[in-house]
Every structure is written in C-alpha cells, then in structure tokens.
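Novice: Here it is: the structure, laid out below.
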Amino acid sequence: MAMGAILAGVGVGVVSAMFQQAGFSLVGIQSIAVGTALGVLLLGMTSLAHASRTAWFAVAIACCCAIATQHIWLYNMAMASRADEIRRKPAAELFRPGWSEESLFDYLSAEAEPWRVGLWLVDGCLLTIAAVVIVNRRHKMNAQVESVDGRKTSCKSSA
C-alpha cells in the first residue's frame, strides 16, 4: 500500500503542478481539490487491494509526496525557463552567474519569503485535511455497515 500511496502522491502532485504552471492556481480551492483527488485515489487502491481500511501512514506518505512533487516539478520548470532565457540572452548570465543552475535548496530558500511560506503551509494543510476527510468519511460509512450472511446491510434497525 505504501508504494501505491507514493505513486498516487507523485501523480497527483505532477498534475497539480501542471495546473499551477499554467496559471490555474487558486489558493485553497486547488489544495482541497488535490487532497480530494488523493483521498479518492487512496480509497480506490484500498478497494482494489481488497483491504478493509486505508492505513493512515499511506495517507501521510501520499500527501507528503504530492507536496514534494509539486515543489520539485515547479523548480524544474523554473530552471528550464531560466536556461531558455540564458540561451536567448547569454548576457543575462553575466549579471546572474549560476542563476540557471541553482540547487533546489537555494531556489526554495530564495522563494521562502514569510508570506509564501505561509501559503505553502496552508496549501499543505488543506491538501492533507481534504485527503483525511475523504478517507475518514469512508471509514465511518464502513463502520455503519455490518456483514450478515455475506451481504452488507445497515446496522440501524428499521423497526
């Protein structure tokens, strides 16, 4: 299940980063949508694996992978854009040496202004909360259902 959670997180992270790169990044709404998609993917994987519950560590792994993938994807796109700029205007490298070959840590450090860090934290929290709510809601629905003679029926009495 952990490998599936990693793959789901990376896949959702790439799609989310593509939307961000295209300019369709609505703060909050995209995070909730990504978390919802991640939660649904995890539930689908749980169902395909015939498991009774989605492990909470799988949700945490998937969320961390989605967030890390978003940042890495956007970093790679920024470096590709900078390299294109250097190819078009070689003189730009004179004023910013190494600008197009910055490491991920240096790039994130330069981008880490207090308001951006706040947005990153809100983004990560909303994504995680949405995934947990989807998975938790499904577990609550499963808790209300019991197996009788191989059929699933509601626990509530109809008297």
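Labels used: A, B, ... for chains in the order of the structure tokens, numbers from 1 for residues in each chain, and numbers from 1 for ligands as shown.
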At most 8 Å is the cut-off: for each residue in stretch 99-124 of chain A with any atom that close to an atom of stretch 19-42 of chain A, write down the nearest atom pair and the distance in Å rounded to one decimal, counting only C-alpha atoms, chain first then increasing number, as a Markdown table.

Specialist:
```
| residue | atom | partner | partner_atom | distance |
| --- | --- | --- | --- | --- |
| A:Leu119 | CA | A:Val27 | CA | 7.9 |
| A:Val122 | CA | A:Gly28 | CA | 7.6 |
| A:Asp123 | CA | A:Ser31 | CA | 5.5 |
| A:Gly124 | CA | A:Ser31 | CA | 7.3 |
```

Novice: Taking the backbone alone, and naming residues the way the document does, which bits of stretch 36-135 of chain A are alpha helix (DSSP H) by DSSP, as a ChimeraX atom specification?

Specialist: /A:36-48,56-88,92-95,104-111,114-135

Novice: Excluding stretch 105-108 of chain A and residues on its chain fewer than 4 positions from it, collect all residues at most 10 Å away from it, counting only C-alpha atoms, and give them as a list of chain:residue names.

Specialist: A:His71, A:Ile72, A:Tyr75, A:Ala78, A:Met79, A:Trp99, A:Glu101, A:Ala112, A:Glu113, A:Val117

Novice: Excluding stretch 53-65 of chain A and any residue of its chain fewer than 2 positions from it, enumerate the residues within 6 Å of it, using only C-alpha atoms, and give them as a PyMOL selection string.

Specialist: chain A and resi 2+5-6+9-10+46+51+67-69+128

Novice: Between atom CA of A:Ala110 and atom CA of A:Ala17, what is the distance in Å, rounded to a tenth?

Specialist: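 Between atom CA of A:Ala110 and atom CA of A:Ala17 the gap works out to 19.1 Å.
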
Novice: Between atom CA of A:Ala131 and atom CA of A:Leu43, measure the distance and give it in Å to one decimal.

Specialist: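 Going from atom CA of A:Ala131 over to atom CA of A:Leu43 covers 9.9 Å.
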
Novice: So the first atom is atom CA of A:Leu127 and the second is atom CA of A:Val14; what is the distance between them in Å, to one decimal place?

Specialist: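 Taking atom CA of A:Leu127 as the start and atom CA of A:Val14 as the end point, the length is 14.2 Å.
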
Novice: Can you work out which one of A:Arg116, A:Arg138, A:Arg87, A:Arg96 has the shortest atom-to-atom distance to A:Gly44, counting only C-alpha atoms?

Specialist: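 Smallest separation from A:Gly44 among the options: A:Arg138.
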
Novice: Between A:Leu126, A:Leu48, A:Ala91, A:Leu74, single out the one closest to A:Leu104, counting only C-alpha atoms.

Specialist: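 Going through A:Leu126, A:Leu48, A:Ala91, A:Leu74 one by one, the smallest distance to A:Leu104 is for A:Leu74.
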
Novice: Pull the strand (DSSP E) assignments for chain A out of DSSP run on the backbone, and list those residues as a ChimeraX atom specification.

Specialist: /A:145-148,151-154

Novice: Find, counting only C-alpha atoms, the residue in A:Ser109, A:Ser52, A:Ser100, A:Ser47 that gets nearest to A:Ala80.

Specialist: A:Ser100
